[in-house]
Structure formats: C-alpha cells, structure tokens
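Participant: What follows is my_file_5.pdb, made up of PDB, C-alpha atoms, pLDDT in the B column:
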ATOM      1  CA  MET A  25      -8.846   8.878   6.578  1.00 83.00           C
ATOM      2  CA  GLN A  26     -11.842   9.765   4.433  1.00 94.00           C
ATOM      3  CA  VAL A  27     -14.455   7.127   3.573  1.00 97.00           C
ATOM      4  CA  LEU A  28     -15.472   7.420  -0.083  1.00 98.00           C
ATOM      5  CA  TYR A  29     -17.759   4.374  -0.390  1.00 98.00           C
ATOM      6  CA  GLU A  30     -18.916   1.551   1.844  1.00 97.00           C
ATOM      7  CA  ASP A  31     -21.420  -1.275   1.907  1.00 96.00           C
ATOM      8  CA  ASN A  32     -21.621  -4.705   3.552  1.00 95.00           C
ATOM      9  CA  HIS A  33     -18.843  -6.165   1.391  1.00 97.00           C
ATOM     10  CA  VAL A  34     -16.367  -3.392   0.501  1.00 98.00           C
ATOM     11  CA  ILE A  35     -15.079  -0.105   1.846  1.00 98.00           C
ATOM     12  CA  ILE A  36     -13.083   2.463  -0.143  1.00 98.00           C
ATOM     13  CA  VAL A  37     -11.102   5.170   1.619  1.00 98.00           C
ATOM     14  CA  SER A  38      -8.786   8.015   0.664  1.00 97.00           C
ATOM     15  CA  LYS A  39      -5.312   7.574   2.155  1.00 96.00           C
ATOM     16  CA  ARG A  40      -3.195  10.519   3.203  1.00 93.00           C
ATOM     17  CA  ALA A  41       0.406  10.599   2.050  1.00 93.00           C
ATOM     18  CA  GLY A  42       2.596   9.177   4.798  1.00 92.00           C
ATOM     19  CA  GLU A  43       0.124   6.526   5.972  1.00 93.00           C
ATOM     20  CA  ILE A  44       0.987   2.850   5.577  1.00 93.00           C
ATOM     21  CA  VAL A  45      -1.714   0.482   4.313  1.00 93.00           C
ATOM     22  CA  GLN A  46      -0.520  -2.551   6.296  1.00 84.00           C
ATOM     23  CA  GLY A  47       1.679  -2.903   9.351  1.00 74.00           C
ATOM     24  CA  ASP A  48       5.438  -2.933   8.815  1.00 76.00           C
ATOM     25  CA  LYS A  49       8.665  -2.835  10.802  1.00 75.00           C
ATOM     26  CA  THR A  50       8.124   0.828  11.733  1.00 75.00           C
ATOM     27  CA  GLY A  51       5.352  -0.156  14.123  1.00 77.00           C
ATOM     28  CA  ASP A  52       3.240   2.800  12.960  1.00 84.00           C
ATOM     29  CA  THR A  53      -0.530   2.308  13.013  1.00 90.00           C
ATOM     30  CA  PRO A  54      -1.555   1.149   9.525  1.00 93.00           C
ATOM     31  CA  LEU A  55      -4.577   2.362   7.606  1.00 95.00           C
ATOM     32  CA  SER A  56      -6.074  -1.137   7.808  1.00 95.00           C
ATOM     33  CA  GLU A  57      -6.289  -0.857  11.615  1.00 94.00           C
ATOM     34  CA  THR A  58      -7.804   2.634  11.389  1.00 95.00           C
ATOM     35  CA  VAL A  59     -10.494   1.298   9.043  1.00 96.00           C
ATOM     36  CA  LYS A  60     -11.188  -1.655  11.361  1.00 95.00           C
ATOM     37  CA  ALA A  61     -11.631   0.716  14.304  1.00 95.00           C
ATOM     38  CA  TYR A  62     -14.004   2.866  12.220  1.00 96.00           C
ATOM     39  CA  ILE A  63     -16.143  -0.159  11.282  1.00 96.00           C
ATOM     40  CA  LYS A  64     -16.166  -1.503  14.841  1.00 95.00           C
ATOM     41  CA  GLU A  65     -17.369   1.816  16.249  1.00 94.00           C
ATOM     42  CA  LYS A  66     -19.856   2.701  13.524  1.00 93.00           C
ATOM     43  CA  TYR A  67     -21.602  -0.677  13.509  1.00 90.00           C
ATOM     44  CA  ALA A  68     -20.983  -1.556  17.186  1.00 90.00           C
ATOM     45  CA  LYS A  69     -19.392  -4.823  16.134  1.00 87.00           C
ATOM     46  CA  PRO A  70     -18.392  -7.193  18.950  1.00 88.00           C
ATOM     47  CA  GLY A  71     -15.117  -9.070  18.663  1.00 89.00           C
ATOM     48  CA  ALA A  72     -12.613  -8.830  15.842  1.00 91.00           C
ATOM     49  CA  VAL A  73     -13.505  -6.986  12.627  1.00 94.00           C
ATOM     50  CA  PHE A  74     -12.701  -8.723   9.319  1.00 95.00           C
ATOM     51  CA  LEU A  75     -10.887  -6.552   6.787  1.00 96.00           C
ATOM     52  CA  GLY A  76      -9.089  -7.884   3.727  1.00 96.00           C
ATOM     53  CA  VAL A  77      -6.277  -5.941   2.043  1.00 95.00           C
ATOM     54  CA  VAL A  78      -6.519  -6.422  -1.736  1.00 94.00           C
ATOM     55  CA  HIS A  79      -3.932  -3.870  -2.915  1.00 92.00           C
ATOM     56  CA  ARG A  80      -1.524  -1.306  -1.505  1.00 90.00           C
ATOM     57  CA  LEU A  81      -0.238   2.199  -2.084  1.00 93.00           C
ATOM     58  CA  ASP A  82       3.333   3.236  -1.327  1.00 91.00           C
ATOM     59  CA  ARG A  83       3.625   5.189   1.905  1.00 93.00           C
ATOM     60  CA  PRO A  84       4.368   8.603   0.311  1.00 95.00           C
ATOM     61  CA  VAL A  85       1.466   8.238  -2.170  1.00 96.00           C
ATOM     62  CA  SER A  86      -2.069   9.532  -1.515  1.00 96.00           C
ATOM     63  CA  GLY A  87      -5.463   8.446  -2.768  1.00 97.00           C
ATOM     64  CA  ILE A  88      -7.801   5.503  -3.134  1.00 97.00           C
ATOM     65  CA  VAL A  89      -7.448   2.240  -1.222  1.00 97.00           C
ATOM     66  CA  LEU A  90     -10.011  -0.543  -1.530  1.00 97.00           C
ATOM     67  CA  PHE A  91     -10.606  -3.064   1.273  1.00 97.00           C
ATOM     68  CA  ALA A  92     -12.844  -6.149   1.470  1.00 97.00           C
ATOM     69  CA  ARG A  93     -15.246  -6.432   4.415  1.00 97.00           C
ATOM     70  CA  THR A  94     -16.098 -10.110   3.859  1.00 96.00           C
ATOM     71  CA  SER A  95     -14.091 -13.180   2.901  1.00 96.00           C
ATOM     72  CA  LYS A  96     -16.329 -13.676  -0.144  1.00 97.00           C
ATOM     73  CA  ALA A  97     -15.528 -10.159  -1.366  1.00 97.00           C
ATOM     74  CA  LEU A  98     -11.818 -10.639  -0.641  1.00 97.00           C
ATOM     75  CA  THR A  99     -11.600 -13.803  -2.757  1.00 97.00           C
ATOM     76  CA  ARG A 100     -13.455 -12.217  -5.662  1.00 97.00           C
ATOM     77  CA  LEU A 101     -11.571  -8.921  -5.524  1.00 97.00           C
ATOM     78  CA  ASN A 102      -8.245 -10.755  -5.458  1.00 96.00           C
ATOM     79  CA  GLU A 103      -9.321 -12.515  -8.634  1.00 96.00           C
ATOM     80  CA  LEU A 104     -10.399  -9.220 -10.228  1.00 94.00           C
ATOM     81  CA  PHE A 105      -6.982  -7.719  -9.537  1.00 92.00           C
ATOM     82  CA  ARG A 106      -5.263 -10.852 -10.832  1.00 90.00           C
ATOM     83  CA  THR A 107      -7.198 -10.737 -14.116  1.00 91.00           C
ATOM     84  CA  GLN A 108      -6.853  -6.933 -14.469  1.00 87.00           C
ATOM     85  CA  GLY A 109     -10.574  -6.413 -13.900  1.00 92.00           C
ATOM     86  CA  VAL A 110      -9.911  -3.325 -11.762  1.00 94.00           C
ATOM     87  CA  GLN A 111      -9.202  -0.025 -13.529  1.00 94.00           C
ATOM     88  CA  LYS A 112      -7.144   2.425 -11.480  1.00 93.00           C
ATOM     89  CA  THR A 113      -6.261   5.946 -12.581  1.00 96.00           C
ATOM     90  CA  TYR A 114      -3.368   7.885 -11.080  1.00 97.00           C
ATOM     91  CA  TRP A 115      -2.381  11.526 -11.331  1.00 97.00           C
ATOM     92  CA  ALA A 116       1.301  12.478 -11.144  1.00 97.00           C
ATOM     93  CA  LEU A 117       3.086  15.835 -11.085  1.00 96.00           C
ATOM     94  CA  VAL A 118       6.425  15.825 -12.902  1.00 96.00           C
ATOM     95  CA  GLN A 119       8.898  18.648 -13.421  1.00 90.00           C
ATOM     96  CA  ASN A 120      10.072  17.611 -16.890  1.00 95.00           C
ATOM     97  CA  GLU A 121       7.500  17.479 -19.675  1.00 95.00           C
ATOM     98  CA  PRO A 122       7.456  14.139 -21.529  1.00 97.00           C
ATOM     99  CA  LYS A 123       8.564  14.211 -25.159  1.00 96.00           C
ATOM    100  CA  GLU A 124       5.154  12.825 -26.163  1.00 97.00           C
ATOM    101  CA  GLN A 125       1.864  14.193 -24.828  1.00 96.00           C
ATOM    102  CA  ALA A 126       0.460  10.649 -24.623  1.00 98.00           C
ATOM    103  CA  ALA A 127       2.152   7.271 -24.903  1.00 98.00           C
ATOM    104  CA  THR A 128       2.312   3.664 -23.766  1.00 98.00           C
ATOM    105  CA  LEU A 129       5.441   2.782 -21.806  1.00 98.00           C
ATOM    106  CA  THR A 130       6.809  -0.758 -21.725  1.00 98.00           C
ATOM    107  CA  HIS A 131       9.771  -1.683 -19.553  1.00 98.00           C
ATOM    108  CA  TRP A 132      11.166  -4.696 -17.750  1.00 98.00           C
ATOM    109  CA  LEU A 133      11.583  -3.976 -14.041  1.00 98.00           C
ATOM    110  CA  VAL A 134      14.083  -5.570 -11.690  1.00 97.00           C
ATOM    111  CA  ARG A 135      13.376  -5.106  -7.983  1.00 96.00           C
ATOM    112  CA  ASN A 136      16.225  -4.594  -5.534  1.00 95.00           C
ATOM    113  CA  GLU A 137      14.893  -5.700  -2.145  1.00 92.00           C
ATOM    114  CA  GLN A 138      17.780  -4.208  -0.152  1.00 93.00           C
ATOM    115  CA  GLN A 139      17.302  -0.759  -1.681  1.00 95.00           C
ATOM    116  CA  ASN A 140      13.490  -1.071  -1.872  1.00 93.00           C
ATOM    117  CA  LYS A 141      13.775   0.201  -5.425  1.00 96.00           C
ATOM    118  CA  SER A 142      13.071  -1.023  -8.942  1.00 97.00           C
ATOM    119  CA  TYR A 143      15.221  -0.529 -12.041  1.00 97.00           C
ATOM    120  CA  ALA A 144      13.766  -0.217 -15.544  1.00 97.00           C
ATOM    121  CA  TYR A 145      15.219  -1.777 -18.694  1.00 97.00           C
ATOM    122  CA  ASP A 146      14.016  -1.468 -22.269  1.00 95.00           C
ATOM    123  CA  HIS A 147      14.636  -5.154 -22.961  1.00 93.00           C
ATOM    124  CA  GLU A 148      13.963  -8.476 -21.283  1.00 95.00           C
ATOM    125  CA  ARG A 149      16.514  -9.748 -18.795  1.00 91.00           C
ATOM    126  CA  ALA A 150      16.773 -12.425 -16.127  1.00 90.00           C
ATOM    127  CA  GLY A 151      14.546 -11.795 -13.121  1.00 90.00           C
ATOM    128  CA  ALA A 152      12.747  -8.851 -14.719  1.00 96.00           C
ATOM    129  CA  LYS A 153       8.963  -8.411 -14.878  1.00 96.00           C
ATOM    130  CA  LYS A 154       7.224  -6.720 -17.785  1.00 97.00           C
ATOM    131  CA  ALA A 155       5.603  -3.405 -16.861  1.00 97.00           C
ATOM    132  CA  VAL A 156       3.141  -1.502 -19.066  1.00 96.00           C
ATOM    133  CA  LEU A 157       1.330   1.785 -18.487  1.00 97.00           C
ATOM    134  CA  ASP A 158      -0.394   4.507 -20.500  1.00 98.00           C
ATOM    135  CA  TYR A 159      -0.024   8.196 -19.715  1.00 98.00           C
ATOM    136  CA  ARG A 160      -1.269  11.472 -21.108  1.00 97.00           C
ATOM    137  CA  VAL A 161      -0.489  15.060 -20.157  1.00 96.00           C
ATOM    138  CA  ILE A 162      -3.651  16.742 -18.836  1.00 94.00           C
ATOM    139  CA  GLY A 163      -2.411  19.977 -17.201  1.00 92.00           C
ATOM    140  CA  HIS A 164       0.487  22.350 -16.568  1.00 90.00           C
ATOM    141  CA  THR A 165       1.796  25.000 -14.209  1.00 88.00           C
ATOM    142  CA  ASP A 166       4.832  27.171 -14.840  1.00 87.00           C
ATOM    143  CA  ARG A 167       7.012  24.474 -13.224  1.00 90.00           C
ATOM    144  CA  TYR A 168       5.133  21.170 -13.341  1.00 93.00           C
ATOM    145  CA  HIS A 169       3.149  18.958 -15.674  1.00 95.00           C
ATOM    146  CA  LEU A 170       0.129  16.870 -14.638  1.00 95.00           C
ATOM    147  CA  LEU A 171       0.001  13.342 -16.049  1.00 97.00           C
ATOM    148  CA  GLU A 172      -2.906  10.910 -15.957  1.00 97.00           C
ATOM    149  CA  VAL A 173      -1.658   7.332 -15.738  1.00 98.00           C
ATOM    150  CA  HIS A 174      -3.402   3.985 -16.323  1.00 96.00           C
ATOM    151  CA  LEU A 175      -1.651   0.794 -15.273  1.00 93.00           C
ATOM    152  CA  HIS A 176      -1.812  -2.418 -17.288  1.00 91.00           C
ATOM    153  CA  THR A 177       0.383  -4.270 -14.804  1.00 90.00           C
ATOM    154  CA  GLY A 178       0.977  -3.867 -11.086  1.00 89.00           C
ATOM    155  CA  ARG A 179       4.709  -3.886 -10.403  1.00 93.00           C
ATOM    156  CA  HIS A 180       6.755  -2.596  -7.472  1.00 94.00           C
ATOM    157  CA  HIS A 181       7.072   1.210  -7.734  1.00 97.00           C
ATOM    158  CA  GLN A 182       5.943   0.872 -11.349  1.00 97.00           C
ATOM    159  CA  ILE A 183       4.732   4.418 -12.054  1.00 98.00           C
ATOM    160  CA  ARG A 184       7.616   5.983 -10.148  1.00 98.00           C
ATOM    161  CA  CYS A 185      10.202   3.848 -11.922  1.00 98.00           C
ATOM    162  CA  GLN A 186       8.787   4.049 -15.449  1.00 98.00           C
ATOM    163  CA  LEU A 187       8.258   7.821 -15.421  1.00 98.00           C
ATOM    164  CA  ALA A 188      11.794   8.282 -14.091  1.00 98.00           C
ATOM    165  CA  ALA A 189      13.056   6.050 -16.916  1.00 98.00           C
ATOM    166  CA  ILE A 190      11.759   8.554 -19.504  1.00 98.00           C
ATOM    167  CA  GLY A 191      13.335  11.488 -17.659  1.00 97.00           C
ATOM    168  CA  CYS A 192      10.198  12.526 -15.758  1.00 98.00           C
ATOM    169  CA  PRO A 193      10.651  11.658 -12.070  1.00 98.00           C
ATOM    170  CA  ILE A 194       7.654  12.476  -9.887  1.00 98.00           C
ATOM    171  CA  ARG A 195       7.852  15.671  -7.848  1.00 96.00           C
ATOM    172  CA  GLY A 196       9.410  14.964  -4.450  1.00 96.00           C
ATOM    173  CA  ASP A 197      10.524  11.426  -5.333  1.00 97.00           C
ATOM    174  CA  LEU A 198      14.202  11.561  -4.359  1.00 97.00           C
ATOM    175  CA  LYS A 199      14.543   7.784  -4.715  1.00 96.00           C
ATOM    176  CA  TYR A 200      13.832   8.048  -8.446  1.00 97.00           C
ATOM    177  CA  GLY A 201      15.702  11.206  -9.295  1.00 96.00           C
ATOM    178  CA  ALA A 202      13.639  14.202  -8.208  1.00 96.00           C
ATOM    179  CA  PRO A 203      15.966  17.120  -7.358  1.00 95.00           C
ATOM    180  CA  ARG A 204      14.309  17.927  -4.016  1.00 95.00           C
ATOM    181  CA  SER A 205      11.858  16.480  -1.540  1.00 94.00           C
ATOM    182  CA  ASN A 206       8.353  17.728  -0.813  1.00 93.00           C
ATOM    183  CA  PRO A 207       8.021  19.592   2.511  1.00 90.00           C
ATOM    184  CA  ASP A 208       5.759  16.882   3.995  1.00 89.00           C
ATOM    185  CA  GLY A 209       7.827  13.953   2.732  1.00 90.00           C
ATOM    186  CA  SER A 210       5.170  12.930   0.207  1.00 94.00           C
ATOM    187  CA  ILE A 211       5.634  12.370  -3.493  1.00 96.00           C
ATOM    188  CA  SER A 212       3.204  13.982  -5.928  1.00 96.00           C
ATOM    189  CA  LEU A 213       1.495  10.765  -6.998  1.00 97.00           C
ATOM    190  CA  HIS A 214      -2.221  10.363  -6.271  1.00 97.00           C
ATOM    191  CA  ALA A 215      -4.480   7.346  -6.795  1.00 97.00           C
ATOM    192  CA  ARG A 216      -7.308   9.356  -8.333  1.00 97.00           C
ATOM    193  CA  SER A 217     -10.037   6.839  -9.210  1.00 97.00           C
ATOM    194  CA  ILE A 218     -11.042   3.196  -9.281  1.00 97.00           C
ATOM    195  CA  ARG A 219     -13.591   1.315 -11.386  1.00 97.00           C
ATOM    196  CA  PHE A 220     -14.598  -2.322 -10.927  1.00 97.00           C
ATOM    197  CA  GLU A 221     -17.511  -4.729 -10.869  1.00 96.00           C
ATOM    198  CA  HIS A 222     -18.844  -5.154  -7.345  1.00 97.00           C
ATOM    199  CA  PRO A 223     -17.826  -8.632  -6.140  1.00 96.00           C
ATOM    200  CA  VAL A 224     -21.332  -9.519  -4.898  1.00 96.00           C
ATOM    201  CA  SER A 225     -23.958  -7.265  -6.532  1.00 96.00           C
ATOM    202  CA  HIS A 226     -22.020  -7.121  -9.849  1.00 96.00           C
ATOM    203  CA  VAL A 227     -22.955  -3.469 -10.417  1.00 97.00           C
ATOM    204  CA  GLU A 228     -20.199  -1.160 -11.652  1.00 97.00           C
ATOM    205  CA  ILE A 229     -18.533   0.887  -8.922  1.00 98.00           C
ATOM    206  CA  PHE A 230     -16.676   4.086  -9.793  1.00 98.00           C
ATOM    207  CA  VAL A 231     -15.110   6.242  -7.089  1.00 98.00           C
ATOM    208  CA  GLU A 232     -12.818   9.291  -7.210  1.00 96.00           C
ATOM    209  CA  ALA A 233     -10.566  10.551  -4.413  1.00 96.00           C
ATOM    210  CA  PRO A 234     -10.258  14.293  -3.745  1.00 94.00           C
ATOM    211  CA  VAL A 235      -7.002  15.705  -5.043  1.00 90.00           C
ATOM    212  CA  PRO A 236      -4.457  17.094  -2.531  1.00 87.00           C
ATOM    213  CA  THR A 237      -4.951  20.790  -1.851  1.00 82.00           C
ATOM    214  CA  GLU A 238      -1.244  21.675  -2.053  1.00 74.00           C
ATOM    215  CA  GLY A 239      -0.478  24.573  -4.401  1.00 69.00           C
ATOM    216  CA  PRO A 240       1.153  22.795  -7.372  1.00 79.00           C
ATOM    217  CA  TRP A 241      -1.736  20.318  -7.565  1.00 83.00           C
ATOM    218  CA  ILE A 242      -4.347  23.053  -7.651  1.00 77.00           C
ATOM    219  CA  GLY A 243      -2.530  25.067 -10.310  1.00 71.00           C
ATOM    220  CA  ALA A 244      -2.108  22.063 -12.579  1.00 73.00           C
ATOM    221  CA  ILE A 245      -5.725  20.948 -12.150  1.00 71.00           C
ATOM    222  CA  HIS A 246      -7.058  24.387 -13.000  1.00 64.00           C
ATOM    223  CA  ASP A 247      -5.126  24.169 -16.258  1.00 55.00           C
ATOM    224  CA  ALA A 248      -6.318  20.622 -17.012  1.00 53.00           C
TER     225      ALA A 248
END
As structure tokens, how would this structure be written, given the file I've shared?
Facilitator:
Amino acid sequence: MQVLYEDNHVIIVSKRAGEIVQGDKTGDTPLSETVKAYIKEKYAKPGAVFLGVVHRLDRPVSGIVLFARTSKALTRLNELFRTQGVQKTYWALVQNEPKEQAATLTHWLVRNEQQNKSYAYDHERAGAKKAVLDYRVIGHTDRYHLLEVHLHTGRHHQIRCQLAAIGCPIRGDLKYGAPRSNPDGSISLHARSIRFEHPVSHVEIFVEAPVPTEGPWIGAIHDA
C-alpha cells in the first residue's frame, strides 16, 4: 500500500493488483484493514479507527482508492459519487486496437451474480443498467494499445465488459475474453487518477497513482 494523499477527513492510497478493498469470503486481509492499521499506528489512535469505504476496485485491478476518515466526509463523498461529482481516469492495456481512436461507448449491462460477470447489450432490456464511458488511445507497443478511460456511470465490471464488447478485452482478463492470463494474476487495468471537491474544505483535490512497472505498461507509456 502506498499513501498518495491524507488529511483529517480523507486518505487516498494506491492499491496493488490482487488486494481486496473490503473483506470477502476469502478471508484475506482487505486494504481497508491495512489502512486502519496504518492510521492507528501513525497517529497513535486508541480504540477503533473509523474508515469509510466510498468506492471499490476489482481485485485484479491496481490504482487509486479513496477512503473517508470521518463520518461527515463519508456522507458527503457518497453523495459526490452518487451525483457523479468524482472524476476517475483509468488506463487499460488491450491487445486489439479499437476501430476508432476515441469514442463514447453506451451499452446496457446485465449482471450475472453466479458468474460474477456482466454482459453488454447494445439495446435496453429487462434488468439491464445503462453504462457509458469515453475512451481514447494514448499509446502503443508492438503488441498492445494503451487506452485512457473516463466513466460516466459506475457499473459492475463496466470497463472490462464494455471494452470486451467492442473486441478489445483487457490484457490478462480471461473472464472477458483475453487469450492468456498475466503472470501475477492481475489484469492490465489501472485506476490512474481522481479529481473531486474536498468534502470539508471544498478545495479541488487531484491525485495520480504511479503506473505499474511491468514491461508492457512502460513501453506503452513511453509511446504515449
């Protein structure tokens, strides 16, 4: 875990691929507990440490995670996310180059709980949720293409599902059609930056997470 920003009300960290944000049935130590332990030790806090989870990243995804350190911040950040007042930028490595260098994708996603997977449709249907994102190609290697993605909605596996729907599954994402896994079990999707109005001071906060140092990332970034 790398702390990117912290004050009395919020803390922003960079998650490693493979970490879970909140506890689940695996019983693995979640990032939220690691952050609590960090706060407790750094500030010598007695008793339980408050930490509010306002959003999540899929386990195989790396990058920025924002937590609330006070109940006031949690309430206000939840509202910011609900009203799309938080701007998140993702970087994704895909093997197939999109037909368009930049585009807005609109699909209707149906989530299958048993498979922990979403399915994209190009038309409305019962039980589906509208999903919208923008992407643009910002770099290349001889084998991969680097996409910058901005979400307009926050759906289950949205980026993974929508990019796969246009024939561009994310590198390493077997669940959505990638031909092979990454050696470390990650997928090449990275929550690169976040921008929002601070819930208490109301100043603009902008934070970037360091990009993974794995070879394909570095090659694509150098070409960006």
Participant: Quick one: which residues end up in the PyMOL selection byres ((chain A and resi 205) around 6) for this structure, as a ChimeraX atom specification?
Facilitator: /A:196,204,206
Participant: Determine the residue membership of the PyMOL selection byres ((chain A and resi 128) around 7) for the file above and supply it as a list in words.
Facilitator: Ala127, Leu129, Thr130, Leu157, Asp158 and Tyr159 of chain A
Participant: Work out how far apart CA of Arg167 in chain A and CA of Gln182 in chain A are and give it in Å to one decimal.
Facilitator: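 Between these atoms lies a distance of 23.7 Å.
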Participant: On this structure, which residues satisfy the PyMOL selection byres ((chain A and resi 97) around 12), written as an mmCIF file with C-alpha atoms, keeping the file's coordinate frame?
Facilitator:
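New file result37.cif:
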data_model
loop_
_atom_site.group_PDB
_atom_site.id
_atom_site.type_symbol
_atom_site.label_atom_id
_atom_site.label_comp_id
_atom_site.auth_asym_id
_atom_site.auth_seq_id
_atom_site.Cartn_x
_atom_site.Cartn_y
_atom_site.Cartn_z
ATOM 1 C CA ASP A 31 -21.420 -1.275 1.907
ATOM 2 C CA ASN A 32 -21.621 -4.705 3.552
ATOM 3 C CA HIS A 33 -18.843 -6.165 1.391
ATOM 4 C CA VAL A 34 -16.367 -3.392 0.501
ATOM 5 C CA ILE A 35 -15.079 -0.105 1.846
ATOM 6 C CA PHE A 74 -12.701 -8.723 9.319
ATOM 7 C CA LEU A 75 -10.887 -6.552 6.787
ATOM 8 C CA GLY A 76 -9.089 -7.884 3.727
ATOM 9 C CA VAL A 77 -6.277 -5.941 2.043
ATOM 10 C CA VAL A 78 -6.519 -6.422 -1.736
ATOM 11 C CA LEU A 90 -10.011 -0.543 -1.530
ATOM 12 C CA PHE A 91 -10.606 -3.064 1.273
ATOM 13 C CA ALA A 92 -12.844 -6.149 1.470
ATOM 14 C CA ARG A 93 -15.246 -6.432 4.415
ATOM 15 C CA THR A 94 -16.098 -10.110 3.859
ATOM 16 C CA SER A 95 -14.091 -13.180 2.901
ATOM 17 C CA LYS A 96 -16.329 -13.676 -0.144
ATOM 18 C CA LEU A 98 -11.818 -10.639 -0.641
ATOM 19 C CA THR A 99 -11.600 -13.803 -2.757
ATOM 20 C CA ARG A 100 -13.455 -12.217 -5.662
ATOM 21 C CA LEU A 101 -11.571 -8.921 -5.524
ATOM 22 C CA ASN A 102 -8.245 -10.755 -5.458
ATOM 23 C CA GLU A 103 -9.321 -12.515 -8.634
ATOM 24 C CA LEU A 104 -10.399 -9.220 -10.228
ATOM 25 C CA GLU A 221 -17.511 -4.729 -10.869
ATOM 26 C CA HIS A 222 -18.844 -5.154 -7.345
ATOM 27 C CA PRO A 223 -17.826 -8.632 -6.140
ATOM 28 C CA VAL A 224 -21.332 -9.519 -4.898
ATOM 29 C CA SER A 225 -23.958 -7.265 -6.532
ATOM 30 C CA HIS A 226 -22.020 -7.121 -9.849
#
Participant: How big is the axis-aligned box around the listed atoms of range 116-123 of chain A once 6 Å is added on each side, and where is its centre? Give both in Å to one decimal, as lines of an AutoDock Vina configuration file.
Facilitator:
center_x = 5.7
center_y = 15.6
center_z = -18.1
size_x = 20.8
size_y = 18.2
size_z = 26.1
Participant: Which is closer to Trp241 in chain A than all the others in A:His174, A:Arg135, A:Trp115, A:Lys154, using all atoms listed in the file?
Facilitator: A:Trp115
Participant: Just to confirm, what's the straight-line distance from CA of Pro84 in chain A to CA of Ile211 in chain A in Å (one decimal)?
Facilitator: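 Calculated distance between CA of Pro84 in chain A and CA of Ile211 in chain A is 5.5 Å.
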Participant: Set the distance at 7 Å and use only C-alpha atoms: which residues neighbour range 55-60 of chain A once local chain neighbours fewer than 2 positions away are removed? I'd like the list as an NGL selection string.
Facilitator: :A and (43-46 or 53 or 62-64 or 73 or 75)
Participant: For Pro193 in chain A, which residue among A:Ala72, A:Ile218, A:Val27, A:Val118 is the nearest when counting all atoms listed in the file?
Facilitator: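 The closest residue to Pro193 in chain A is A:Val118.
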Participant: With all atoms listed in the file as the atoms that count, which of A:Lys69, A:Ala116, A:Gln186, A:His180 lies nearest to Asn140 in chain A?
Facilitator: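 Looking at the shortest contact to Asn140 in chain A, the residue is A:His180.
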Participant: Using all atoms listed in the file for the distances, tell me which of A:Tyr114, A:Phe230, A:Phe105, A:Tyr29 is nearest to Leu170 in chain A.
Facilitator: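 Among A:Tyr114, A:Phe230, A:Phe105, A:Tyr29, it is A:Tyr114 that comes nearest to Leu170 in chain A.
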